[in-house]
Every structure is written in structure tokens, then in C-alpha cells.
>>> print(open('entry29.cif').read())   # mmCIF, C-alpha atoms
data_coords
#
loop_
_atom_site.label_atom_id
_atom_site.label_comp_id
_atom_site.auth_asym_id
_atom_site.auth_seq_id
_atom_site.Cartn_x
_atom_site.Cartn_y
_atom_site.Cartn_z
CA MET A 1 -13.59 17.38 1.04
CA HIS A 2 -13.14 20.30 -1.32
CA ARG A 3 -11.27 22.14 1.49
CA PHE A 4 -8.39 19.73 0.80
CA ALA A 5 -8.68 20.10 -2.98
CA ASN A 6 -6.33 23.04 -2.78
CA PRO A 7 -2.78 21.69 -3.41
CA ALA A 8 -1.20 24.46 -1.28
CA ARG A 9 -3.39 23.58 1.71
CA PHE A 10 -2.77 19.87 1.15
CA LEU A 11 1.01 20.44 1.01
CA ARG A 12 0.95 22.36 4.30
CA ILE A 13 -0.73 19.40 6.02
CA ALA A 14 1.37 16.77 4.21
CA ARG A 15 4.67 18.47 5.16
CA VAL A 16 3.68 18.35 8.83
CA LEU A 17 2.49 14.73 8.72
CA THR A 18 5.07 12.93 6.55
CA LEU A 19 7.96 12.57 9.00
CA PRO A 20 5.91 11.75 12.15
CA LEU A 21 3.90 9.13 10.21
CA THR A 22 7.13 7.59 8.89
CA LEU A 23 8.85 7.43 12.28
CA LEU A 24 5.77 6.18 14.14
CA GLY A 25 5.10 3.63 11.37
CA LEU A 26 8.69 2.35 11.50
CA GLY A 27 8.57 2.14 15.31
CA LEU A 28 5.26 0.27 15.47
CA THR A 29 6.29 -2.07 12.62
CA ALA A 30 9.62 -2.84 14.31
CA ALA A 31 7.87 -3.51 17.64
CA GLY A 32 5.21 -5.73 16.03
CA LEU A 33 7.73 -7.77 14.03
CA TRP A 34 10.13 -8.08 16.99
CA ILE A 35 7.40 -9.36 19.34
CA GLY A 36 6.03 -11.56 16.54
CA LEU A 37 9.44 -13.13 15.92
CA PHE A 38 10.87 -13.43 19.42
CA ASP A 39 8.20 -12.87 22.06
CA SER A 40 5.02 -14.63 20.90
CA PRO A 41 4.15 -18.31 21.25
CA PRO A 42 4.07 -20.79 18.35
CA ASP A 43 0.63 -21.93 17.21
CA TYR A 44 -0.59 -25.33 18.42
CA GLN A 45 -1.33 -26.39 14.81
CA GLN A 46 0.93 -24.26 12.57
CA GLY A 47 3.95 -24.26 14.88
CA GLU A 48 6.55 -21.54 14.27
CA SER A 49 5.29 -20.73 10.77
CA VAL A 50 2.45 -18.73 12.38
CA ARG A 51 5.04 -15.91 12.73
CA ILE A 52 4.64 -15.25 9.00
CA MET A 53 1.09 -14.09 9.85
CA TYR A 54 2.53 -10.87 11.37
CA VAL A 55 3.74 -9.73 7.94
CA HIS A 56 1.25 -11.54 5.70
CA VAL A 57 -2.03 -10.33 7.25
CA PRO A 58 -1.18 -6.57 7.41
CA ALA A 59 0.13 -6.74 3.83
CA ALA A 60 -3.10 -8.44 2.68
CA TRP A 61 -5.33 -5.89 4.44
CA LEU A 62 -3.40 -2.94 3.05
CA GLY A 63 -3.25 -4.43 -0.45
CA SER A 64 -7.06 -4.68 -0.44
CA GLY A 65 -7.68 -1.44 1.48
CA GLY A 66 -5.27 0.40 -0.79
CA TYR A 67 -7.22 -0.73 -3.83
CA LEU A 68 -10.42 0.69 -2.29
CA GLY A 69 -8.56 3.98 -1.82
CA LEU A 70 -7.36 3.84 -5.42
CA ALA A 71 -10.91 3.26 -6.68
CA VAL A 72 -12.41 6.07 -4.55
CA ALA A 73 -9.68 8.51 -5.69
CA SER A 74 -10.23 7.45 -9.32
CA ALA A 75 -14.01 7.94 -9.02
CA VAL A 76 -13.53 11.40 -7.48
CA ALA A 77 -11.05 12.29 -10.25
CA LEU A 78 -13.43 11.04 -12.93
CA VAL A 79 -16.65 12.61 -11.60
CA TRP A 80 -15.59 15.82 -9.81
CA ARG A 81 -12.21 16.46 -11.48
CA HIS A 82 -10.74 16.90 -7.99
CA PRO A 83 -7.21 18.24 -8.66
CA LEU A 84 -5.56 16.02 -6.07
CA ALA A 85 -7.59 12.86 -6.64
CA GLU A 86 -5.71 11.69 -9.71
CA ILE A 87 -2.38 12.41 -8.01
CA ALA A 88 -3.57 10.43 -4.97
CA ALA A 89 -4.66 7.49 -7.17
CA ARG A 90 -1.28 7.42 -8.93
CA ALA A 91 0.51 7.59 -5.57
CA ILE A 92 -1.55 4.78 -4.02
CA ALA A 93 -1.20 2.27 -6.90
CA PRO A 94 2.53 1.34 -6.63
CA VAL A 95 2.32 1.17 -2.83
CA GLY A 96 -0.77 -1.07 -2.94
CA ALA A 97 0.89 -3.26 -5.57
CA ALA A 98 3.99 -3.63 -3.35
CA PHE A 99 1.87 -4.66 -0.34
CA THR A 100 -0.10 -7.13 -2.48
CA ALA A 101 3.14 -8.66 -3.80
CA ILE A 102 4.46 -8.95 -0.21
CA CYS A 103 1.18 -10.65 0.76
CA LEU A 104 1.46 -13.17 -2.10
CA ILE A 105 5.15 -13.97 -1.47
CA SER A 106 4.79 -14.29 2.31
CA GLY A 107 1.63 -16.36 1.79
CA ALA A 108 3.51 -18.74 -0.51
CA LEU A 109 6.29 -19.03 2.10
CA TRP A 110 3.65 -19.83 4.75
CA GLY A 111 1.86 -22.31 2.45
CA LYS A 112 4.86 -24.58 1.90
CA PRO A 113 5.35 -25.73 5.52
CA THR A 114 1.60 -25.60 6.29
CA TRP A 115 -0.06 -27.00 3.16
CA GLY A 116 2.97 -28.65 1.55
CA THR A 117 2.88 -26.35 -1.49
CA TYR A 118 3.86 -22.76 -2.32
CA TRP A 119 0.85 -22.20 -4.54
CA VAL A 120 -2.60 -23.62 -5.19
CA TRP A 121 -5.32 -22.16 -7.43
CA ASP A 122 -7.52 -21.55 -4.39
CA ALA A 123 -10.19 -18.81 -4.62
CA ARG A 124 -8.49 -16.54 -2.02
CA LEU A 125 -5.01 -16.88 -3.54
CA THR A 126 -6.26 -16.46 -7.10
CA SER A 127 -8.35 -13.36 -6.26
CA MET A 128 -5.31 -11.79 -4.53
CA LEU A 129 -3.25 -12.50 -7.67
CA VAL A 130 -6.00 -10.84 -9.75
CA LEU A 131 -5.72 -7.82 -7.39
CA LEU A 132 -1.99 -7.57 -8.17
CA PHE A 133 -2.76 -7.72 -11.92
CA LEU A 134 -5.38 -4.95 -11.48
CA TYR A 135 -2.78 -2.76 -9.77
CA LEU A 136 -0.22 -3.47 -12.53
CA GLY A 137 -2.85 -2.80 -15.22
CA TYR A 138 -3.73 0.52 -13.59
CA LEU A 139 -0.04 1.49 -13.37
CA ALA A 140 0.56 0.64 -17.04
CA LEU A 141 -2.56 2.51 -18.23
CA SER A 142 -2.00 5.59 -16.08
CA SER A 143 1.63 5.78 -17.20
CA ALA A 144 0.60 5.57 -20.86
CA GLU A 145 -2.10 8.22 -20.30
CA ALA A 146 0.35 10.54 -18.54
CA GLU A 147 2.70 10.33 -21.55
CA ARG A 148 -0.13 11.07 -23.98
CA GLY A 149 -1.65 13.74 -21.73
CA GLY A 150 -4.98 12.71 -20.22
CA GLY A 151 -7.43 9.85 -20.50
CA LYS A 152 -9.94 7.98 -18.41
CA ALA A 153 -9.12 4.30 -19.01
CA ALA A 154 -6.97 3.88 -15.88
CA SER A 155 -9.64 5.42 -13.63
CA ILE A 156 -12.34 3.24 -15.19
CA LEU A 157 -10.21 0.11 -14.69
CA ALA A 158 -9.66 1.08 -11.03
CA ILE A 159 -13.41 1.50 -10.46
CA VAL A 160 -14.42 -1.70 -12.30
CA GLY A 161 -11.75 -3.66 -10.39
CA VAL A 162 -13.53 -2.97 -7.08
CA ILE A 163 -15.71 -6.00 -7.88
CA ASN A 164 -12.69 -8.12 -6.90
CA LEU A 165 -12.66 -6.82 -3.29
CA PRO A 166 -15.82 -8.64 -2.05
CA ILE A 167 -14.61 -11.71 -3.95
CA ILE A 168 -11.35 -11.61 -1.95
CA LYS A 169 -13.19 -11.00 1.32
CA TYR A 170 -15.87 -13.67 0.95
CA SER A 171 -13.93 -16.22 -1.15
CA VAL A 172 -13.27 -18.32 1.97
CA GLU A 173 -17.03 -18.46 2.67
CA TRP A 174 -18.42 -18.77 -0.87
CA TRP A 175 -16.07 -21.57 -1.98
CA ASN A 176 -14.50 -24.56 -0.33
CA THR A 177 -11.00 -23.09 -0.09
CA LEU A 178 -7.73 -24.34 1.37
CA HIS A 179 -7.17 -20.86 2.83
CA GLN A 180 -8.50 -20.52 6.38
CA GLY A 181 -11.48 -18.30 7.24
CA SER A 182 -11.28 -14.91 8.97
CA SER A 183 -9.87 -14.93 12.51
CA ILE A 184 -10.77 -11.27 13.10
CA ARG A 185 -14.24 -9.98 12.25
CA LEU A 186 -15.45 -6.41 12.13
CA SER A 187 -19.21 -6.16 12.41
CA GLY A 188 -21.79 -3.58 13.43
CA ALA A 189 -21.65 -4.94 16.98
CA GLY A 190 -17.88 -4.41 17.12
CA ALA A 191 -14.77 -6.48 16.50
CA SER A 192 -14.25 -10.09 17.54
CA SER A 193 -11.17 -12.25 17.33
CA SER A 194 -10.38 -15.92 17.77
CA ILE A 195 -6.64 -15.18 18.06
CA ALA A 196 -4.89 -15.53 21.43
CA PRO A 197 -4.06 -12.12 23.01
CA GLU A 198 -0.29 -12.88 22.92
CA MET A 199 -0.57 -13.23 19.14
CA LEU A 200 -3.11 -10.44 18.67
CA LEU A 201 -0.80 -7.78 20.15
CA PRO A 202 2.06 -8.14 17.60
CA LEU A 203 -0.49 -8.50 14.80
CA LEU A 204 -2.25 -5.24 15.75
CA LEU A 205 1.09 -3.45 16.18
CA SER A 206 2.21 -4.50 12.68
CA VAL A 207 -1.19 -3.59 11.19
CA ALA A 208 -0.91 -0.10 12.76
CA GLY A 209 2.73 0.27 11.68
CA PHE A 210 2.13 -0.91 8.12
CA SER A 211 -0.91 1.40 7.82
CA LEU A 212 1.06 4.46 8.94
CA LEU A 213 3.91 3.58 6.56
CA PHE A 214 1.40 3.15 3.74
CA GLY A 215 0.01 6.63 4.48
CA ALA A 216 3.50 8.16 4.77
CA ILE A 217 4.67 6.67 1.46
CA VAL A 218 1.51 7.88 -0.32
CA LEU A 219 2.07 11.40 1.08
CA MET A 220 5.72 11.33 -0.11
CA ARG A 221 4.69 10.26 -3.61
CA MET A 222 1.94 12.91 -3.75
CA ARG A 223 4.39 15.62 -2.65
CA ALA A 224 6.86 14.45 -5.31
CA ALA A 225 4.15 14.52 -8.01
CA LEU A 226 3.02 18.04 -7.00
CA ALA A 227 6.61 19.32 -7.03
CA GLN A 228 7.21 17.75 -10.47
CA GLN A 229 4.01 19.40 -11.74
CA ALA A 230 5.17 22.76 -10.40
CA VAL A 231 8.58 22.39 -12.11
CA ALA A 232 6.93 21.41 -15.41
CA ALA A 233 4.51 24.38 -15.24
CA ARG A 234 7.28 26.88 -14.42
CA SER A 235 9.54 25.47 -17.16
CA ARG A 236 6.68 25.91 -19.67
CA ARG A 237 6.13 29.51 -18.53
CA ILE A 238 9.86 30.30 -18.80
CA ALA A 239 10.04 28.70 -22.27
CA ALA A 240 6.95 30.69 -23.39
CA ALA A 241 8.49 33.95 -22.10
CA TYR A 242 11.58 33.48 -24.29
CA THR A 243 9.66 32.65 -27.49
CA MET B 1 13.40 -22.25 15.26
CA THR B 2 11.65 -24.78 13.02
CA HIS B 3 10.41 -23.37 9.68
CA ALA B 4 13.17 -20.73 9.86
CA ALA B 5 13.88 -21.40 6.17
CA PHE B 6 10.41 -19.95 5.42
CA ILE B 7 10.06 -17.36 8.20
CA ILE B 8 13.37 -15.56 7.50
CA PRO B 9 12.73 -15.09 3.74
CA ALA B 10 9.16 -13.88 4.47
CA TYR B 11 10.44 -11.22 6.88
CA ALA B 12 13.37 -10.34 4.58
CA VAL B 13 11.05 -9.79 1.59
CA THR B 14 8.65 -7.71 3.69
CA VAL B 15 11.24 -5.52 5.44
CA GLY B 16 13.37 -5.20 2.29
CA GLY B 17 10.37 -4.36 0.10
CA LEU B 18 8.96 -1.83 2.58
CA LEU B 19 12.31 -0.10 3.11
CA ALA B 20 13.01 -0.04 -0.64
CA ILE B 21 9.70 1.67 -1.54
CA LEU B 22 9.99 4.00 1.48
CA LEU B 23 13.52 5.06 0.54
CA GLN B 24 12.72 5.43 -3.17
CA SER B 25 9.66 7.59 -2.37
CA TRP B 26 11.63 9.74 0.12
CA VAL B 27 14.52 10.35 -2.30
CA SER B 28 12.15 11.09 -5.18
CA MET B 29 10.17 13.55 -3.00
CA ARG B 30 13.30 15.35 -1.78
CA ARG B 31 14.72 15.61 -5.32
CA ALA B 32 11.44 16.90 -6.81
CA GLU B 33 10.94 19.47 -4.01
CA ALA B 34 14.57 20.62 -4.29
CA ALA B 35 14.15 21.13 -8.06
CA ALA B 36 10.91 23.09 -7.52
CA GLU B 37 12.55 25.24 -4.83
CA LYS B 38 15.58 25.90 -7.06
CA LEU B 39 13.38 27.06 -9.91
CA LYS B 40 11.38 29.29 -7.56
CA THR B 41 14.59 30.89 -6.22
CA GLU B 42 15.97 31.48 -9.74
CA ARG B 43 12.69 33.15 -10.73
CA ARG B 44 12.88 35.56 -7.77
CA ARG B 45 16.39 36.76 -8.82
#
>>> encode(input="entry29.cif", output="C-alpha cells")
Amino acid sequence: MHRFANPARFLRIARVLTLPLTLLGLGLTAAGLWIGLFDSPPDYQQGESVRIMYVHVPAAWLGSGGYLGLAVASAVALVWRHPLAEIAARAIAPVGAAFTAICLISGALWGKPTWGTYWVWDARLTSMLVLLFLYLGYLALSSAEAERGGGKAASILAIVGVINLPIIKYSVEWWNTLHQGSSIRLSGAGASSSIAPEMLLPLLLSVAGFSLLFGAIVLMRMRAALAQQAVAARSRRIAAAYT
Amino acid sequence: MTHAAFIIPAYAVTVGGLLAILLQSWVSMRRAEAAAEKLKTERRR
């Protein structure tokens, strides 16, 4: 892991990956959403509103997965002072928050025709809302710490907030929730799905596309942060040379 | 399409949100890297 701790080495890899990840992500997302909207059957129970699943589920997975990434990067920054870990955590947070917000909004738009309400204080919905608040809390704390120059509160919040991830995952099993259980399971024996193949294809395409876009956006934000750091460091050196 | 009043806003929010954060990140990266490059070039002179 320390091989990639070198910002110069990281930048070399990131510059090669950013554009292909973006284009492939856009292509897969467009294909998944197109098939989901126009070339997949309606559900026998949910009817046409099942099409919202093709944006809601990938957004939910990436909102949760992104938080795990944020927590791991924060832990690495806190324990090993990895030079890129804090930059990675700050790059992941706004992207994860955006995906979580998309998940909550699309879920509300799915809930109205299916459940008859946009919102209910169900365990799954509430824990996803808590996830959004954790992201926003991290963003506020890290921004305040960046202004003051250092601090650990944002990283600690990110690590403590991981407790919410198993709550999100198992909320539909631990409590009697309105939200349906998992249709796709990943276990040691492999993956299983109760979704029809015609619906699984657009879902997997959008999951792949959203994931690549998530990675591409994080790389862009990390590259921007590294360039801003370089400008700030050079400006300080120039100012010091003239004083 | 039944439920179009819910499906279209869900897709619009998703596509609009994704494109907005993608574009903002791209522009911010290009601007920051251009500023860093400019400073590096000025230093070489």
C-alpha cells in the first residue's frame, strides 16, 4: 500500500485512469438506464415503478460502500499518516453524500406509488438518512479542520460512523420493516439473486457504470486537491524567498 | 407508461446529480492542474 503513498506515483496512475474510467462509466450507466427504462419488463407486483430500482439500488450500494472507503481512508490517515489517505477521504465524502441523497430521493419517488407515501420512519430509510447526516457531518468537520490547519475529529467521526453500515444492511432482517429484503445476496458460496435475468442485466450494468463514475470522480477530486496543495506550497516558497 | 410521474423525476435527479458532480469535479481538477502547471512554468523562467 505504501507504494501508492507517493503522490507523484499516484498522479501518474490517476492521469492514465481518469478519462477511461469516466467514459466507460458513462457508457455502462447510459446502457443500464436505457435498457432499464425501455427494454426491461415491468414487475408483476410493482408495475412500471420497478424501473426506479435501476437508479436507486446502485446509488444505495455506492452510498454505503463509499462510506466504508471513507472510514478506511480516515483510519489509515489517523494511524499511519498516509499522505494520500486524508486527501482520498475528503474526495470520497461529497461523492458518497451525493449518491446517498440520490438513493433517498429516488427511494421516496418509488415509495409513493408502491407504499402510498414518500417517507416512513422505517429502519432502512432512517439508517440511510443517518448515513447522509454522517457524510454531511464529516464534510463540515473536515472543512473546519482544513481552515484551522489539522485535526482528527472528522476522521474519528468517519470511523465511529461505520457502526451504521451493518445497521443499514441488516435493518430489513432485524426489524419488521416496510422496505423489502435483499434480492441479491453475496455469500461465501457465491452470489444469488431472486431477480429475473431481464431485470438483472440493466441493474448490473448501472451498478458497474455508477461504480466506475464514483471512482473517476474521486480520482478527479484527489488530483484537484494535490494540484491545489502544490500551488499553495510553491506560493509559500515564493513568498518566503521575497521576505 | 404508468408511474411516469415518479420514474421521470427519479431518473432526472440521478442523471442531473451525477452529471453535475462529474462536471464540477472535472472543471475543478482542470483549473487546479492548470494553476499548478502555470506556477511551475513561471518558476523555470
>>> residues_around(input="entry29.cif", residues="segment 18-35 of chain B", least_positions_apart="6", cutoff="8 Å", atoms="only C-alpha atoms", output="list of chain:residue names")
A:Val95, A:Ala98, A:Leu213, A:Ile217, A:Met220, A:Arg221, A:Arg223, A:Ala224, A:Ala225, A:Ala227, A:Gln228, A:Val231
>>> atom_distance(input="entry29.cif", atom1="atom CA of Ala30 of chain A", atom2="atom CA of Gly16 of chain B")
12.8 Å
>>> resolve_selection(input="entry29.cif", expression="the PyMOL selection byres ((chain A and resi 58) around 9)", output="VMD selection string")
chain A and resid 53 to 57 59 to 63 99 103 203 to 204 206 to 211
>>> atom_distance(input="entry29.cif", atom1="atom CA of Met128 of chain A", atom2="atom CA of Leu165 of chain A")
9.0 Å
>>> resolve_selection(input="entry29.cif", expression="the PyMOL selection byres ((chain B and resi 5-9) around 12)", output="ChimeraX atom specification")
/A:33,36-38,47-56,102,105-114,118 /B:1-4,10-17
>>> residues_around(input="entry29.cif", residues="Glu42 of chain B", least_positions_apart="4", cutoff="12 Å", atoms="all atoms listed in the file", output="PDB file with C-alpha atoms, in the coordinates of the input")
ATOM      1  CA  VAL A 231       8.580  22.390 -12.110  1.00  0.00           C
ATOM      2  CA  ARG A 234       7.280  26.880 -14.420  1.00  0.00           C
ATOM      3  CA  SER A 235       9.540  25.470 -17.160  1.00  0.00           C
ATOM      4  CA  ILE A 238       9.860  30.300 -18.800  1.00  0.00           C
TER       5      ILE A 238
ATOM      6  CA  ALA B  35      14.150  21.130  -8.060  1.00  0.00           C
ATOM      7  CA  ALA B  36      10.910  23.090  -7.520  1.00  0.00           C
ATOM      8  CA  GLU B  37      12.550  25.240  -4.830  1.00  0.00           C
ATOM      9  CA  LYS B  38      15.580  25.900  -7.060  1.00  0.00           C
TER      10      LYS B  38
END
>>> atom_distance(input="entry29.cif", atom1="atom CA of Trp34 of chain A", atom2="atom CA of Met199 of chain A")
12.1 Å
>>> resolve_selection(input="entry29.cif", expression="the PyMOL selection byres ((chain A and resi 82) around 12)", output="PyMOL selection string")
chain A and resi 1-7+72-81+83-89
>>> decode(input="entry29.cif", residues="segment 92-194 of chain A", atoms="C-alpha atoms", output="PDB file, in the first residue's frame")
ATOM      1  CA  ILE A  92     -14.836  10.380  -1.255  1.00  0.00           C
ATOM      2  CA  ALA A  93     -17.139  12.231   1.186  1.00  0.00           C
ATOM      3  CA  PRO A  94     -19.001  14.609  -1.202  1.00  0.00           C
ATOM      4  CA  VAL A  95     -19.377  11.865  -3.820  1.00  0.00           C
ATOM      5  CA  GLY A  96     -20.751   9.396  -1.254  1.00  0.00           C
ATOM      6  CA  ALA A  97     -23.099  12.068   0.087  1.00  0.00           C
ATOM      7  CA  ALA A  98     -24.392  12.757  -3.456  1.00  0.00           C
ATOM      8  CA  PHE A  99     -25.061   9.045  -4.074  1.00  0.00           C
ATOM      9  CA  THR A 100     -26.805   8.721  -0.688  1.00  0.00           C
ATOM     10  CA  ALA A 101     -29.000  11.747  -1.467  1.00  0.00           C
ATOM     11  CA  ILE A 102     -29.864  10.230  -4.885  1.00  0.00           C
ATOM     12  CA  CYS A 103     -30.750   6.965  -3.115  1.00  0.00           C
ATOM     13  CA  LEU A 104     -33.052   8.755  -0.639  1.00  0.00           C
ATOM     14  CA  ILE A 105     -34.792  10.890  -3.297  1.00  0.00           C
ATOM     15  CA  SER A 106     -35.278   8.024  -5.773  1.00  0.00           C
ATOM     16  CA  GLY A 107     -36.446   5.796  -2.897  1.00  0.00           C
ATOM     17  CA  ALA A 108     -39.059   8.380  -1.892  1.00  0.00           C
ATOM     18  CA  LEU A 109     -40.217   8.590  -5.528  1.00  0.00           C
ATOM     19  CA  TRP A 110     -40.514   4.780  -5.596  1.00  0.00           C
ATOM     20  CA  GLY A 111     -42.293   4.692  -2.222  1.00  0.00           C
ATOM     21  CA  LYS A 112     -45.201   6.920  -3.237  1.00  0.00           C
ATOM     22  CA  PRO A 113     -46.688   4.660  -5.959  1.00  0.00           C
ATOM     23  CA  THR A 114     -45.674   1.454  -4.141  1.00  0.00           C
ATOM     24  CA  TRP A 115     -46.387   2.172  -0.469  1.00  0.00           C
ATOM     25  CA  GLY A 116     -48.634   5.217  -0.866  1.00  0.00           C
ATOM     26  CA  THR A 117     -46.179   7.533   0.908  1.00  0.00           C
ATOM     27  CA  TYR A 118     -42.896   9.306   0.098  1.00  0.00           C
ATOM     28  CA  TRP A 119     -41.441   8.708   3.539  1.00  0.00           C
ATOM     29  CA  VAL A 120     -41.903   6.445   6.543  1.00  0.00           C
ATOM     30  CA  TRP A 121     -39.651   6.200   9.612  1.00  0.00           C
ATOM     31  CA  ASP A 122     -38.726   2.645   8.665  1.00  0.00           C
ATOM     32  CA  ALA A 123     -35.389   1.242   9.946  1.00  0.00           C
ATOM     33  CA  ARG A 124     -33.810   1.039   6.444  1.00  0.00           C
ATOM     34  CA  LEU A 125     -34.906   4.531   5.392  1.00  0.00           C
ATOM     35  CA  THR A 126     -33.937   6.093   8.713  1.00  0.00           C
ATOM     36  CA  SER A 127     -30.481   4.449   8.764  1.00  0.00           C
ATOM     37  CA  MET A 128     -29.849   5.696   5.197  1.00  0.00           C
ATOM     38  CA  LEU A 129     -30.830   9.208   6.322  1.00  0.00           C
ATOM     39  CA  VAL A 130     -28.388   8.855   9.254  1.00  0.00           C
ATOM     40  CA  LEU A 131     -25.715   7.884   6.679  1.00  0.00           C
ATOM     41  CA  LEU A 132     -26.350  11.145   4.795  1.00  0.00           C
ATOM     42  CA  PHE A 133     -26.040  13.102   8.076  1.00  0.00           C
ATOM     43  CA  LEU A 134     -22.747  11.294   8.822  1.00  0.00           C
ATOM     44  CA  TYR A 135     -21.397  12.325   5.415  1.00  0.00           C
ATOM     45  CA  LEU A 136     -22.539  15.941   5.954  1.00  0.00           C
ATOM     46  CA  GLY A 137     -21.040  15.950   9.466  1.00  0.00           C
ATOM     47  CA  TYR A 138     -17.724  14.680   8.102  1.00  0.00           C
ATOM     48  CA  LEU A 139     -17.733  17.338   5.358  1.00  0.00           C
ATOM     49  CA  ALA A 140     -18.453  20.134   7.848  1.00  0.00           C
ATOM     50  CA  LEU A 141     -15.779  18.942  10.316  1.00  0.00           C
ATOM     51  CA  SER A 142     -13.090  18.324   7.700  1.00  0.00           C
ATOM     52  CA  SER A 143     -13.743  21.733   6.140  1.00  0.00           C
ATOM     53  CA  ALA A 144     -13.429  23.435   9.540  1.00  0.00           C
ATOM     54  CA  GLU A 145     -10.236  21.468  10.284  1.00  0.00           C
ATOM     55  CA  ALA A 146      -8.736  22.376   6.904  1.00  0.00           C
ATOM     56  CA  GLU A 147      -9.321  26.081   7.643  1.00  0.00           C
ATOM     57  CA  ARG A 148      -7.726  25.783  11.082  1.00  0.00           C
ATOM     58  CA  GLY A 149      -4.917  23.534   9.817  1.00  0.00           C
ATOM     59  CA  GLY A 150      -5.182  19.960  11.082  1.00  0.00           C
ATOM     60  CA  GLY A 151      -7.308  17.978  13.488  1.00  0.00           C
ATOM     61  CA  LYS A 152      -8.632  14.488  13.988  1.00  0.00           C
ATOM     62  CA  ALA A 153     -12.341  14.972  14.711  1.00  0.00           C
ATOM     63  CA  ALA A 154     -13.508  14.358  11.127  1.00  0.00           C
ATOM     64  CA  SER A 155     -11.510  11.115  10.855  1.00  0.00           C
ATOM     65  CA  ILE A 156     -12.827   9.910  14.220  1.00  0.00           C
ATOM     66  CA  LEU A 157     -16.414  10.680  13.166  1.00  0.00           C
ATOM     67  CA  ALA A 158     -15.877   8.736   9.919  1.00  0.00           C
ATOM     68  CA  ILE A 159     -14.562   5.697  11.822  1.00  0.00           C
ATOM     69  CA  VAL A 160     -17.279   5.762  14.519  1.00  0.00           C
ATOM     70  CA  GLY A 161     -19.970   6.133  11.835  1.00  0.00           C
ATOM     71  CA  VAL A 162     -19.088   2.701  10.401  1.00  0.00           C
ATOM     72  CA  ILE A 163     -21.412   1.242  13.066  1.00  0.00           C
ATOM     73  CA  ASN A 164     -24.280   2.471  10.869  1.00  0.00           C
ATOM     74  CA  LEU A 165     -23.292   0.224   7.913  1.00  0.00           C
ATOM     75  CA  PRO A 166     -24.340  -3.142   9.438  1.00  0.00           C
ATOM     76  CA  ILE A 167     -27.476  -1.413  10.732  1.00  0.00           C
ATOM     77  CA  ILE A 168     -28.338  -0.396   7.143  1.00  0.00           C
ATOM     78  CA  LYS A 169     -27.512  -3.853   5.794  1.00  0.00           C
ATOM     79  CA  TYR A 170     -29.389  -5.914   8.379  1.00  0.00           C
ATOM     80  CA  SER A 171     -32.193  -3.444   9.236  1.00  0.00           C
ATOM     81  CA  VAL A 172     -34.602  -5.366   6.986  1.00  0.00           C
ATOM     82  CA  GLU A 173     -33.841  -8.581   8.923  1.00  0.00           C
ATOM     83  CA  TRP A 174     -33.548  -7.235  12.481  1.00  0.00           C
ATOM     84  CA  TRP A 175     -36.758  -5.181  12.403  1.00  0.00           C
ATOM     85  CA  ASN A 176     -40.164  -5.570  10.840  1.00  0.00           C
ATOM     86  CA  THR A 177     -39.642  -3.003   8.087  1.00  0.00           C
ATOM     87  CA  LEU A 178     -41.766  -1.793   5.192  1.00  0.00           C
ATOM     88  CA  HIS A 179     -38.649  -1.894   2.987  1.00  0.00           C
ATOM     89  CA  GLN A 180     -38.235  -5.208   1.169  1.00  0.00           C
ATOM     90  CA  GLY A 181     -35.406  -7.639   1.971  1.00  0.00           C
ATOM     91  CA  SER A 182     -32.305  -8.193  -0.175  1.00  0.00           C
ATOM     92  CA  SER A 183     -32.923  -9.570  -3.676  1.00  0.00           C
ATOM     93  CA  ILE A 184     -29.209 -10.109  -4.342  1.00  0.00           C
ATOM     94  CA  ARG A 185     -27.033 -11.859  -1.771  1.00  0.00           C
ATOM     95  CA  LEU A 186     -23.266 -12.156  -1.693  1.00  0.00           C
ATOM     96  CA  SER A 187     -22.107 -15.036   0.469  1.00  0.00           C
ATOM     97  CA  GLY A 188     -19.040 -17.231   0.807  1.00  0.00           C
ATOM     98  CA  ALA A 189     -20.630 -19.723  -1.584  1.00  0.00           C
ATOM     99  CA  GLY A 190     -21.079 -17.014  -4.231  1.00  0.00           C
ATOM    100  CA  ALA A 191     -23.817 -14.630  -5.319  1.00  0.00           C
ATOM    101  CA  SER A 192     -27.502 -15.468  -5.618  1.00  0.00           C
ATOM    102  CA  SER A 193     -30.351 -13.393  -6.974  1.00  0.00           C
ATOM    103  CA  SER A 194     -34.124 -13.631  -6.984  1.00  0.00           C
TER     104      SER A 194
END
